[in-house]
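Visitor: Sending over a structure as structure tokens; questions will come in a sec.
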2 protein chains.
Amino acid sequence: MATDNKLFSGNTTMLVLKLLEAEDMYGYQIIEELAKKSDDVFRLKTGTLYPLLHGLENDGIVTSYDEHADNQRVRKYYKLTSQGKNLLKKKQSEWKNYTDAVSRVMDGGVSHAFA
Amino acid sequence: MATDNKLFSGNTTMLVLKLLEAEDMYGYQIIEELAKKSDDVFRLKTGTLYPLLHGLENDGIVTSYDEHADNQRVRKYYKLTSQGKNLLKKKQSEWKNYTDAVSRVMDGGVSHAFA
DNA sequence: TGACATAGGTAGATTATCTACATATAATTG
DNA sequence: CAATTATATGTAGATAATCTACCTATGTCA
């Protein structure tokens, strides 16, 4: 399906933080998980995700640590900080606020976005 | 409230087309209607809307005609073309597709966006 | 008269994402 | 064994939607 991602931008941070809330993850894993959970609607490019992660780390939203898998591969894991958890809550409430407003315009009804 | 509009961009076209589906409108009116229906979540700037409308007209999504109100004021009304109606349908289905995917990531549940 | 609402507009900045490229190792397949 | 694909991280520059900031002009109200 892959609706043009550019046209609904701005939520990538929320989605990434949500994944990291459940479990520490490395970049490549985030891309795969997001694609899987969204049925390929979200297929982040590396040129999108890695700079985003670096920015989040720089802002204290996540921290990172290296670990290698069974093989010699080094993976850079990212972990939510408490500041990151707060940001996630804020992004969720903004998303709800936004989708509610869209619903009011589009059908006059109420939104049922996640709580 | 006004969640940072920049961070959820890309849907302005859909919202504008939806308003024009119900009724021909002029630019200033679109801004006011959108603010009203969304409880001020969407407050388009003129620098956003006018170039957008010009682009839509250029692409055959809307047509425009001048009319003056009771006073001498000239208003430029915009009207959806049949092409515009099709684009609206497409945008609506993309929006649903997108919000469904967000819901799957955020709570594993289904979206309830407008049909 | 001066301020504010109405009405339309442009130029340039900002920023999120994309495309395209670069590097390197592991696993699979012909 | 060689070639390809999957895994894994990254940067540079382009694209595009919106914003800020500005401009013009008329109508209305204090």
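Residue numbers start at 1 in each chain; chains themselves are named A, B, ... in the order of the structure tokens; ligands are numbered from 1 in the order shown.
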Looking only at the backbone, which of the residues in chain A does DSSP tag as strand (DSSP E or B), as a PyMOL selection string?

Guide: chain A and resi 25-26+62-68+74-80

Visitor: I want to know what sits within 12 Å of A:Glu33, based on only C-alpha atoms (C1' of nucleotides), with residues of the same chain fewer than 4 positions away left out; could you give that as a list in words?

Guide: Leu15, Val16, Lys18, Leu19, Leu20, Ala22, Glu23, Met25, Tyr26, Gly27, Tyr28, Gln29, Lys37, Ser38, Asp39, Asp40, Val41, Phe42, Arg43 and Leu44 of chain A; Arg104 and Val105 of chain B

Visitor: Tell me which protein, DNA and RNA residues are within 10 Å of C:DG9, counting only C-alpha atoms (C1' of nucleotides), leaving out same-chain ones fewer than 6 positions away, and put them as a PyMOL selection string.

Guide: (chain B and resi 46-47+50-51) or (chain D and resi 23-24)

Visitor: Between atom C1' of D:DT15 and atom C1' of C:DC18, what distance in Å does the model show, to one decimal?

Guide: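 Result for atom C1' of D:DT15 versus atom C1' of C:DC18: 7.3 Å, one decimal.
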
Visitor: Between A:His54, A:Met14, A:Ile61, A:Lys89, which residue has the minimum interatomic distance to chain D, considering only C-alpha atoms (C1' of nucleotides)?

Guide: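 Of all the options, A:His54 lies closest to chain D.
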
Visitor: What is the atom C1' of D:DA8-atom CA of A:Arg75 distance in Å, reported with one decimal?

Guide: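 For atom C1' of D:DA8 relative to atom CA of A:Arg75, the distance reads 7.2 Å.
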
Visitor: From the list B:Asn58, B:Ser93, B:Thr63, B:Gln83, which residue is nearest chain A when using only C-alpha atoms?

Guide: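 Of B:Asn58, B:Ser93, B:Thr63, B:Gln83, the one nearest chain A, counting only C-alpha atoms, is B:Ser93.
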